[in-house]
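K.L.:
Take a look at structure_0.pdb, PDB, C-alpha atoms:
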ATOM      1  CA  MET A   5      -2.046 -10.252   2.576
ATOM      2  CA  PHE A   6      -4.721  -9.273   5.103
ATOM      3  CA  THR A   7      -7.491 -11.050   6.995
ATOM      4  CA  GLY A   8     -10.343  -8.551   6.746
ATOM      5  CA  LEU A   9     -10.391  -7.925  10.494
ATOM      6  CA  VAL A  10     -10.280  -4.136  10.795
ATOM      7  CA  GLN A  11      -7.891  -2.914  13.467
ATOM      8  CA  ALA A  12      -8.643   0.798  13.461
ATOM      9  CA  VAL A  13     -10.715   3.470  11.785
ATOM     10  CA  GLY A  14      -8.727   6.400  10.473
ATOM     11  CA  VAL A  15      -9.787   9.819   9.187
ATOM     12  CA  ILE A  16      -8.554  11.333   5.937
ATOM     13  CA  ARG A  17      -6.961  14.666   6.817
ATOM     14  CA  THR A  18      -5.723  15.881   3.441
ATOM     15  CA  ILE A  19      -5.796  14.859  -0.216
ATOM     16  CA  GLU A  20      -3.258  16.553  -2.459
ATOM     17  CA  PRO A  21      -2.624  16.053  -6.185
ATOM     18  CA  THR A  22       0.767  14.669  -7.160
ATOM     19  CA  GLY A  23       2.478  14.175 -10.490
ATOM     20  CA  SER A  24       1.176  10.611 -10.618
ATOM     21  CA  GLY A  25      -2.110  10.644  -8.706
ATOM     22  CA  ARG A  26      -2.939  11.866  -5.206
ATOM     23  CA  ARG A  27      -1.365  11.763  -1.767
ATOM     24  CA  LEU A  28      -3.718  10.809   1.061
ATOM     25  CA  VAL A  29      -2.749  11.694   4.612
ATOM     26  CA  ILE A  30      -4.675   9.675   7.181
ATOM     27  CA  ASP A  31      -4.953  10.285  10.909
ATOM     28  CA  THR A  32      -4.754   6.840  12.522
ATOM     29  CA  GLY A  33      -6.004   8.048  15.902
ATOM     30  CA  ALA A  34      -5.179   5.735  18.775
ATOM     31  CA  TRP A  35      -4.025   2.850  16.545
ATOM     32  CA  ARG A  36      -1.014   1.266  18.225
ATOM     33  CA  HIS A  37       0.520   0.044  14.990
ATOM     34  CA  HIS A  38       3.318   2.276  13.742
ATOM     35  CA  PRO A  39       4.301   1.118  10.248
ATOM     36  CA  ALA A  40       7.511   2.196   8.581
ATOM     37  CA  PRO A  41       7.622   3.638   5.056
ATOM     38  CA  GLY A  42       7.283   0.782   2.565
ATOM     39  CA  GLU A  43       4.894  -1.297   4.681
ATOM     40  CA  SER A  44       1.495  -2.349   3.316
ATOM     41  CA  ILE A  45      -1.725  -1.139   4.909
ATOM     42  CA  ALA A  46      -5.276  -1.930   3.797
ATOM     43  CA  VAL A  47      -7.131   1.386   3.539
ATOM     44  CA  ALA A  48     -10.864   0.861   2.975
ATOM     45  CA  GLY A  49      -9.828  -2.555   1.664
ATOM     46  CA  CYS A  50      -7.207  -1.238  -0.797
ATOM     47  CA  CYS A  51      -3.629  -2.387  -0.315
ATOM     48  CA  LEU A  52      -1.534   0.792  -0.151
ATOM     49  CA  THR A  53       2.124   1.408   0.652
ATOM     50  CA  VAL A  54       3.089   3.798   3.423
ATOM     51  CA  ALA A  55       5.010   6.645   1.750
ATOM     52  CA  ALA A  56       5.810   8.697   4.839
ATOM     53  CA  GLU A  57       4.833   9.550   8.400
ATOM     54  CA  PRO A  58       4.417  13.353   8.270
ATOM     55  CA  ALA A  59       3.791  13.519  12.031
ATOM     56  CA  PRO A  60       3.062  11.060  14.845
ATOM     57  CA  GLY A  61      -0.275   9.374  14.142
ATOM     58  CA  LEU A  62      -0.357  10.463  10.513
ATOM     59  CA  LEU A  63       0.367   8.190   7.531
ATOM     60  CA  ALA A  64       0.803   9.338   3.937
ATOM     61  CA  PHE A  65      -0.040   7.155   0.934
ATOM     62  CA  ASP A  66       0.554   7.860  -2.759
ATOM     63  CA  VAL A  67      -2.407   6.579  -4.779
ATOM     64  CA  ILE A  68      -1.979   6.097  -8.528
ATOM     65  CA  PRO A  69      -4.654   6.857 -11.172
ATOM     66  CA  GLU A  70      -5.448   3.140 -11.690
ATOM     67  CA  THR A  71      -6.377   2.736  -8.030
ATOM     68  CA  LEU A  72      -8.291   6.023  -7.948
ATOM     69  CA  ALA A  73     -10.348   4.932 -10.979
ATOM     70  CA  ARG A  74     -11.098   1.384  -9.833
ATOM     71  CA  THR A  75     -11.855   1.896  -6.131
ATOM     72  CA  THR A  76     -13.770   4.289  -3.909
ATOM     73  CA  LEU A  77     -10.543   6.125  -3.037
ATOM     74  CA  GLY A  78     -11.103   8.418  -6.020
ATOM     75  CA  GLU A  79     -14.325   9.639  -4.378
ATOM     76  CA  ARG A  80     -12.935  10.213  -0.895
ATOM     77  CA  ARG A  81     -12.815  13.610   0.735
ATOM     78  CA  PRO A  82     -11.052  15.026   3.814
ATOM     79  CA  GLY A  83     -12.995  14.046   6.916
ATOM     80  CA  ASP A  84     -14.043  10.641   5.524
ATOM     81  CA  ARG A  85     -13.486   7.671   7.807
ATOM     82  CA  VAL A  86     -11.627   4.618   6.455
ATOM     83  CA  ASN A  87     -10.988   1.116   7.755
ATOM     84  CA  LEU A  88      -7.340   0.246   8.472
ATOM     85  CA  GLU A  89      -5.552  -3.093   8.772
ATOM     86  CA  HIS A  90      -1.854  -3.902   8.713
ATOM     87  CA  ALA A  91      -0.527  -6.839   6.718
ATOM     88  CA  ALA A  92      -0.857 -10.281   8.278
ATOM     89  CA  ARG A  93       2.121 -12.328   9.393
ATOM     90  CA  ALA A  94       2.560 -15.918   8.263
ATOM     91  CA  ASP A  95       1.765 -17.061  11.814
ATOM     92  CA  SER A  96      -1.283 -14.782  12.246
ATOM     93  CA  LEU A  97      -4.615 -16.153  13.407
ATOM     94  CA  LEU A  98      -6.846 -16.112  10.335
ATOM     95  CA  GLY A  99      -9.997 -14.882  12.042
ATOM     96  CA  GLY A 100     -11.475 -13.539   8.811
ATOM     97  CA  HIS A 101     -10.443 -14.892   5.414
ATOM     98  CA  ILE A 102      -7.566 -14.329   2.986
ATOM     99  CA  VAL A 103      -7.859 -10.770   1.686
ATOM    100  CA  GLN A 104      -5.351  -9.401  -0.817
ATOM    101  CA  GLY A 105      -6.368  -5.769  -0.869
ATOM    102  CA  HIS A 106      -6.957  -6.018  -4.629
ATOM    103  CA  ILE A 107     -10.406  -4.556  -5.290
ATOM    104  CA  ASP A 108     -12.500  -6.412  -7.881
ATOM    105  CA  ALA A 109     -15.217  -3.805  -8.288
ATOM    106  CA  VAL A 110     -17.046  -0.898  -6.746
ATOM    107  CA  GLY A 111     -20.581  -1.799  -5.696
ATOM    108  CA  GLU A 112     -23.483   0.384  -4.610
ATOM    109  CA  VAL A 113     -25.492   0.046  -1.426
ATOM    110  CA  ASP A 114     -29.032  -0.708  -2.581
ATOM    111  CA  ARG A 115     -30.753  -0.798   0.786
ATOM    112  CA  ILE A 116     -30.179  -1.231   4.512
ATOM    113  CA  ASP A 117     -32.702  -3.191   6.577
ATOM    114  CA  THR A 118     -32.611  -2.553  10.329
ATOM    115  CA  ALA A 119     -35.994  -4.089  11.161
ATOM    116  CA  ASP A 120     -36.274  -6.370  14.193
ATOM    117  CA  GLY A 121     -32.837  -5.433  15.476
ATOM    118  CA  GLN A 122     -30.950  -6.806  12.486
ATOM    119  CA  TRP A 123     -28.644  -4.880  10.155
ATOM    120  CA  ARG A 124     -28.656  -6.281   6.632
ATOM    121  CA  VAL A 125     -26.998  -4.442   3.782
ATOM    122  CA  ARG A 126     -27.880  -5.171   0.153
ATOM    123  CA  ILE A 127     -25.164  -4.297  -2.354
ATOM    124  CA  ALA A 128     -25.671  -4.123  -6.099
ATOM    125  CA  ALA A 129     -22.780  -5.318  -8.255
ATOM    126  CA  GLU A 130     -21.945  -6.416 -11.785
ATOM    127  CA  PRO A 131     -22.789 -10.035 -12.790
ATOM    128  CA  SER A 132     -19.095 -10.782 -13.353
ATOM    129  CA  VAL A 133     -18.487 -10.057  -9.665
ATOM    130  CA  LEU A 134     -21.654 -11.675  -8.333
ATOM    131  CA  ARG A 135     -20.814 -15.033  -9.916
ATOM    132  CA  LEU A 136     -17.787 -15.135  -7.574
ATOM    133  CA  ILE A 137     -19.877 -14.499  -4.441
ATOM    134  CA  PRO A 138     -21.592 -17.729  -3.333
ATOM    135  CA  PRO A 139     -24.202 -17.826  -0.544
ATOM    136  CA  LYS A 140     -22.506 -18.332   2.833
ATOM    137  CA  GLY A 141     -19.152 -17.618   1.194
ATOM    138  CA  SER A 142     -16.737 -14.850   2.130
ATOM    139  CA  VAL A 143     -16.500 -11.338   0.712
ATOM    140  CA  ALA A 144     -14.629  -8.210   1.775
ATOM    141  CA  VAL A 145     -16.573  -4.941   1.754
ATOM    142  CA  GLU A 146     -14.488  -1.830   2.458
ATOM    143  CA  GLY A 147     -11.838  -4.238   3.714
ATOM    144  CA  VAL A 148     -14.135  -5.984   6.209
ATOM    145  CA  SER A 149     -14.340  -9.779   6.054
ATOM    146  CA  LEU A 150     -18.021 -10.729   5.893
ATOM    147  CA  THR A 151     -20.160 -13.799   5.313
ATOM    148  CA  VAL A 152     -22.595 -13.604   2.418
ATOM    149  CA  ALA A 153     -26.158 -13.856   3.747
ATOM    150  CA  ALA A 154     -27.990 -13.996   0.398
ATOM    151  CA  THR A 155     -27.456 -13.477  -3.329
ATOM    152  CA  ALA A 156     -29.612 -12.781  -6.350
ATOM    153  CA  GLY A 157     -29.142 -11.791  -9.966
ATOM    154  CA  GLU A 158     -28.071  -8.212  -9.312
ATOM    155  CA  TRP A 159     -27.087  -8.044  -5.644
ATOM    156  CA  PHE A 160     -25.770  -9.769  -2.552
ATOM    157  CA  GLU A 161     -26.538  -9.184   1.116
ATOM    158  CA  VAL A 162     -24.432  -9.236   4.261
ATOM    159  CA  ALA A 163     -25.704  -9.267   7.846
ATOM    160  CA  LEU A 164     -23.678  -7.129  10.236
ATOM    161  CA  ILE A 165     -23.216  -7.889  13.911
ATOM    162  CA  PRO A 166     -22.868  -5.153  16.572
ATOM    163  CA  VAL A 167     -19.112  -5.695  16.945
ATOM    164  CA  THR A 168     -18.607  -5.056  13.220
ATOM    165  CA  LEU A 169     -20.816  -1.974  13.291
ATOM    166  CA  ASP A 170     -18.892  -0.555  16.252
ATOM    167  CA  ALA A 171     -15.373  -1.332  14.969
ATOM    168  CA  THR A 172     -15.646  -0.376  11.279
ATOM    169  CA  THR A 173     -17.046   2.269   8.958
ATOM    170  CA  LEU A 174     -19.915   0.040   7.809
ATOM    171  CA  ARG A 175     -22.341   1.778  10.181
ATOM    172  CA  ASP A 176     -21.759   4.926   8.089
ATOM    173  CA  LEU A 177     -23.187   3.340   4.928
ATOM    174  CA  THR A 178     -26.308   4.818   3.350
ATOM    175  CA  PRO A 179     -28.291   3.782   0.263
ATOM    176  CA  GLY A 180     -26.467   4.937  -2.844
ATOM    177  CA  ALA A 181     -23.037   4.804  -1.216
ATOM    178  CA  SER A 182     -20.171   3.238  -3.154
ATOM    179  CA  VAL A 183     -18.205   0.397  -1.559
ATOM    180  CA  ASN A 184     -15.060  -1.518  -2.434
ATOM    181  CA  ILE A 185     -15.678  -5.220  -3.074
ATOM    182  CA  GLU A 186     -13.047  -7.942  -3.043
ATOM    183  CA  THR A 187     -14.229 -11.461  -3.770
ATOM    184  CA  ASP A 188     -12.674 -14.515  -2.149
ATOM    185  CA  ILE A 189      -9.364 -15.418  -3.812
ATOM    186  CA  LEU A 190     -10.315 -19.121  -3.637
ATOM    187  CA  ALA A 191     -13.514 -18.487  -5.632
ATOM    188  CA  ARG A 192     -11.626 -16.341  -8.145
ATOM    189  CA  THR A 193      -8.937 -18.981  -8.604
ATOM    190  CA  VAL A 194     -11.435 -21.798  -9.170
ATOM    191  CA  ALA A 195     -13.450 -19.700 -11.642
ATOM    192  CA  HIS A 196     -10.268 -18.751 -13.508
ATOM    193  CA  TRP A 197      -9.125 -22.375 -13.677
ATOM    194  CA  LEU A 198     -12.517 -23.622 -14.866
ATOM    195  CA  GLY A 199     -12.465 -20.988 -17.582
ATOM    196  CA  TYR A 200      -9.405 -22.649 -19.049
ATOM    197  CA  GLN A 201     -11.040 -26.088 -19.013
ATOM    198  CA  ARG A 202     -13.734 -25.158 -21.524
TER     199      ARG A 202
END
Go through the file and emit its structure as structure tokens.
P.N.:
Amino acid sequence: MFTGLVQAVGVIRTIEPTGSGRRLVIDTGAWRHHPAPGESIAVAGCCLTVAAEPAPGLLAFDVIPETLARTTLGERRPGDRVNLEHAARADSLLGGHIVQGHIDAVGEVDRIDTADGQWRVRIAAEPSVLRLIPPKGSVAVEGVSLTVAATAGEWFEVALIPVTLDATTLRDLTPGASVNIETDILARTVAHWLGYQR
């Protein structure tokens, strides 16, 4: 489990094919967290398991075809920046919201509005995902816990504050970019339960 509060931004150094997917090696820069093999790390919002530490400051992850097909990790290239967060402890402060690292869908950035000093990002997504994203609710985009600013039939918007822009990869977004979306587990659970009541 994660909280959606990004702790570092890493850079993908290499991507190599394996017998069961791809191995991503990420440079974690000055991140002070040093996970052991087997620990869970959210990479661009995707829960991955540390496979190895090839060198100090480098983490290797084996990504299976299912994850490559259902997230933005299949589109990543060496040099891309990715948000990083280590798993939360049971006694962690929950500054964001409960994030599992299980991506529901890949959305597309429709537009970015920076007028009047604001930074609003509109993301297009499938109706099945949008019904789980209520106004003023929580959503994780690329692993970042955000509050939903607005919704409509084919999109939702988030408003980004300077701290988020400085500490995550969201400043890198451009129209047409793909993003990982994870809806709030509470909304998903309620929708799933109500589906059984019909």
K.L.:
Find, counting only C-alpha atoms, the residue in A:Ala92, A:Leu77, A:Val125, A:Val143 that gets nearest to Thr7 of chain A.
P.N.:
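The shortest atom-to-atom distance to Thr7 of chain A comes from A:Ala92.
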K.L.:
Excluding Val54 of chain A and any residue of its chain fewer than 3 positions from it, enumerate the residues within 10 Å of it, using all atoms listed in the file, and give them as a list in words.
P.N.:
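Listing them by chain and then by number gives Val29, Pro39, Ala40, Pro41, Gly42, Glu43, Ser44, Ile45, Cys51, Glu57, Leu63, Ala64, Phe65 and Asp66 of chain A.
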K.L.:
I'd like the contact shell of Ala73 of chain A - 12 Å cut-off, all atoms listed in the file, skipping same-chain residues fewer than 3 positions apart - returned as an MDAnalysis selection string.
P.N.:
chainID A and resid 25:26 67:70 76:80 107:110 184
K.L.:
To verify the selection step, state as JSON, numbers by chain which residues the PyMOL selection byres ((chain A and resi 189) around 10) yields on this input.
P.N.:
{"A": [101, 102, 103, 104, 106, 136, 142, 143, 186, 187, 188, 190, 191, 192, 193, 194, 195]}
K.L.:
Translate the PyMOL selection byres ((chain A and resi 115) around 6) into a concrete residue list for this structure, as an MDAnalysis selection string.
P.N.:
chainID A and resid 113:114 116 126 179
K.L.:
Any chance you could export segment 50-81 of chain A with N, CA, C and O atoms, as an mmCIF file, in the first residue's frame?
P.N.:
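Everything below was put into out10.cif:
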data_model
loop_
_atom_site.group_PDB
_atom_site.id
_atom_site.type_symbol
_atom_site.label_atom_id
_atom_site.label_comp_id
_atom_site.auth_asym_id
_atom_site.auth_seq_id
_atom_site.Cartn_x
_atom_site.Cartn_y
_atom_site.Cartn_z
ATOM 1 N N CYS A 50 2.749 2.392 -10.431
ATOM 2 C CA CYS A 50 2.621 0.932 -10.560
ATOM 3 C C CYS A 50 3.405 0.249 -9.448
ATOM 4 O O CYS A 50 4.600 0.512 -9.282
ATOM 5 N N CYS A 51 2.771 -0.633 -8.732
ATOM 6 C CA CYS A 51 3.449 -1.380 -7.675
ATOM 7 C C CYS A 51 4.363 -2.423 -8.316
ATOM 8 O O CYS A 51 3.893 -3.350 -8.972
ATOM 9 N N LEU A 52 5.677 -2.245 -8.139
ATOM 10 C CA LEU A 52 6.663 -3.170 -8.673
ATOM 11 C C LEU A 52 7.524 -3.712 -7.543
ATOM 12 O O LEU A 52 7.669 -3.070 -6.499
ATOM 13 N N THR A 53 8.119 -4.864 -7.766
ATOM 14 C CA THR A 53 8.986 -5.502 -6.783
ATOM 15 C C THR A 53 10.443 -5.303 -7.178
ATOM 16 O O THR A 53 10.820 -5.535 -8.340
ATOM 17 N N VAL A 54 11.240 -4.857 -6.225
ATOM 18 C CA VAL A 54 12.669 -4.687 -6.482
ATOM 19 C C VAL A 54 13.277 -6.063 -6.755
ATOM 20 O O VAL A 54 13.186 -6.973 -5.924
ATOM 21 N N ALA A 55 13.902 -6.214 -7.921
ATOM 22 C CA ALA A 55 14.530 -7.490 -8.292
ATOM 23 C C ALA A 55 15.997 -7.522 -7.896
ATOM 24 O O ALA A 55 16.522 -8.577 -7.531
ATOM 25 N N ALA A 56 16.654 -6.365 -7.984
ATOM 26 C CA ALA A 56 18.084 -6.314 -7.680
ATOM 27 C C ALA A 56 18.516 -4.867 -7.541
ATOM 28 O O ALA A 56 17.789 -3.941 -7.933
ATOM 29 N N GLU A 57 19.710 -4.682 -6.984
ATOM 30 C CA GLU A 57 20.348 -3.369 -6.927
ATOM 31 C C GLU A 57 21.679 -3.499 -7.674
ATOM 32 O O GLU A 57 22.703 -3.848 -7.086
ATOM 33 N N PRO A 58 21.667 -3.261 -8.993
ATOM 34 C CA PRO A 58 22.872 -3.492 -9.802
ATOM 35 C C PRO A 58 24.083 -2.678 -9.350
ATOM 36 O O PRO A 58 25.222 -3.109 -9.532
ATOM 37 N N ALA A 59 23.825 -1.498 -8.791
ATOM 38 C CA ALA A 59 24.886 -0.622 -8.295
ATOM 39 C C ALA A 59 24.236 0.352 -7.326
ATOM 40 O O ALA A 59 23.014 0.517 -7.334
ATOM 41 N N PRO A 60 25.016 0.991 -6.462
ATOM 42 C CA PRO A 60 24.418 1.966 -5.541
ATOM 43 C C PRO A 60 23.608 3.025 -6.297
ATOM 44 O O PRO A 60 24.080 3.598 -7.280
ATOM 45 N N GLY A 61 22.367 3.232 -5.848
ATOM 46 C CA GLY A 61 21.500 4.218 -6.483
ATOM 47 C C GLY A 61 20.732 3.710 -7.676
ATOM 48 O O GLY A 61 19.940 4.444 -8.268
ATOM 49 N N LEU A 62 20.940 2.442 -8.030
ATOM 50 C CA LEU A 62 20.196 1.855 -9.144
ATOM 51 C C LEU A 62 19.308 0.726 -8.635
ATOM 52 O O LEU A 62 19.744 -0.084 -7.809
ATOM 53 N N LEU A 63 18.066 0.683 -9.111
ATOM 54 C CA LEU A 63 17.134 -0.393 -8.761
ATOM 55 C C LEU A 63 16.634 -1.051 -10.036
ATOM 56 O O LEU A 63 16.284 -0.362 -11.003
ATOM 57 N N ALA A 64 16.583 -2.385 -10.026
ATOM 58 C CA ALA A 64 16.094 -3.134 -11.176
ATOM 59 C C ALA A 64 14.738 -3.738 -10.854
ATOM 60 O O ALA A 64 14.516 -4.259 -9.753
ATOM 61 N N PHE A 65 13.822 -3.672 -11.823
ATOM 62 C CA PHE A 65 12.475 -4.210 -11.676
ATOM 63 C C PHE A 65 12.160 -5.067 -12.894
ATOM 64 O O PHE A 65 12.414 -4.657 -14.029
ATOM 65 N N ASP A 66 11.583 -6.243 -12.668
ATOM 66 C CA ASP A 66 11.119 -7.094 -13.758
ATOM 67 C C ASP A 66 9.632 -6.836 -13.964
ATOM 68 O O ASP A 66 8.825 -7.029 -13.049
ATOM 69 N N VAL A 67 9.278 -6.395 -15.157
ATOM 70 C CA VAL A 67 7.893 -6.010 -15.462
ATOM 71 C C VAL A 67 7.314 -7.023 -16.443
ATOM 72 O O VAL A 67 7.864 -7.254 -17.518
ATOM 73 N N ILE A 68 6.186 -7.632 -16.048
ATOM 74 C CA ILE A 68 5.579 -8.690 -16.851
ATOM 75 C C ILE A 68 4.709 -8.109 -17.967
ATOM 76 O O ILE A 68 4.322 -6.937 -17.916
ATOM 77 N N PRO A 69 4.393 -8.913 -18.988
ATOM 78 C CA PRO A 69 3.591 -8.415 -20.120
ATOM 79 C C PRO A 69 2.256 -7.790 -19.711
ATOM 80 O O PRO A 69 1.829 -6.806 -20.319
ATOM 81 N N GLU A 70 1.583 -8.355 -18.714
ATOM 82 C CA GLU A 70 0.291 -7.793 -18.265
ATOM 83 C C GLU A 70 0.451 -6.346 -17.830
ATOM 84 O O GLU A 70 -0.347 -5.472 -18.201
ATOM 85 N N THR A 71 1.470 -6.071 -17.049
ATOM 86 C CA THR A 71 1.717 -4.704 -16.579
ATOM 87 C C THR A 71 2.130 -3.800 -17.729
ATOM 88 O O THR A 71 1.690 -2.650 -17.819
ATOM 89 N N LEU A 72 2.971 -4.298 -18.620
ATOM 90 C CA LEU A 72 3.406 -3.500 -19.769
ATOM 91 C C LEU A 72 2.225 -3.118 -20.651
ATOM 92 O O LEU A 72 2.172 -2.010 -21.194
ATOM 93 N N ALA A 73 1.245 -4.018 -20.785
ATOM 94 C CA ALA A 73 0.093 -3.769 -21.656
ATOM 95 C C ALA A 73 -0.936 -2.845 -21.025
ATOM 96 O O ALA A 73 -1.642 -2.122 -21.739
ATOM 97 N N ARG A 74 -1.035 -2.855 -19.704
ATOM 98 C CA ARG A 74 -2.121 -2.132 -19.034
ATOM 99 C C ARG A 74 -1.700 -0.837 -18.360
ATOM 100 O O ARG A 74 -2.520 -0.176 -17.721
ATOM 101 N N THR A 75 -0.440 -0.468 -18.475
ATOM 102 C CA THR A 75 0.061 0.767 -17.861
ATOM 103 C C THR A 75 0.933 1.510 -18.865
ATOM 104 O O THR A 75 1.194 1.022 -19.967
ATOM 105 N N THR A 76 1.417 2.660 -18.458
ATOM 106 C CA THR A 76 2.317 3.426 -19.335
ATOM 107 C C THR A 76 3.733 2.855 -19.347
ATOM 108 O O THR A 76 4.557 3.319 -20.142
ATOM 109 N N LEU A 77 4.029 1.878 -18.511
ATOM 110 C CA LEU A 77 5.397 1.352 -18.465
ATOM 111 C C LEU A 77 5.800 0.712 -19.796
ATOM 112 O O LEU A 77 6.992 0.673 -20.129
ATOM 113 N N GLY A 78 4.833 0.229 -20.560
ATOM 114 C CA GLY A 78 5.148 -0.345 -21.860
ATOM 115 C C GLY A 78 5.614 0.686 -22.869
ATOM 116 O O GLY A 78 6.230 0.338 -23.888
ATOM 117 N N GLU A 79 5.332 1.971 -22.598
ATOM 118 C CA GLU A 79 5.717 3.048 -23.512
ATOM 119 C C GLU A 79 6.997 3.755 -23.090
ATOM 120 O O GLU A 79 7.504 4.604 -23.827
ATOM 121 N N ARG A 80 7.500 3.430 -21.924
ATOM 122 C CA ARG A 80 8.652 4.164 -21.383
ATOM 123 C C ARG A 80 9.925 3.887 -22.158
ATOM 124 O O ARG A 80 10.102 2.811 -22.727
ATOM 125 N N ARG A 81 10.807 4.896 -22.118
ATOM 126 C CA ARG A 81 12.090 4.799 -22.794
ATOM 127 C C ARG A 81 13.205 5.236 -21.843
ATOM 128 O O ARG A 81 12.945 5.994 -20.903
#
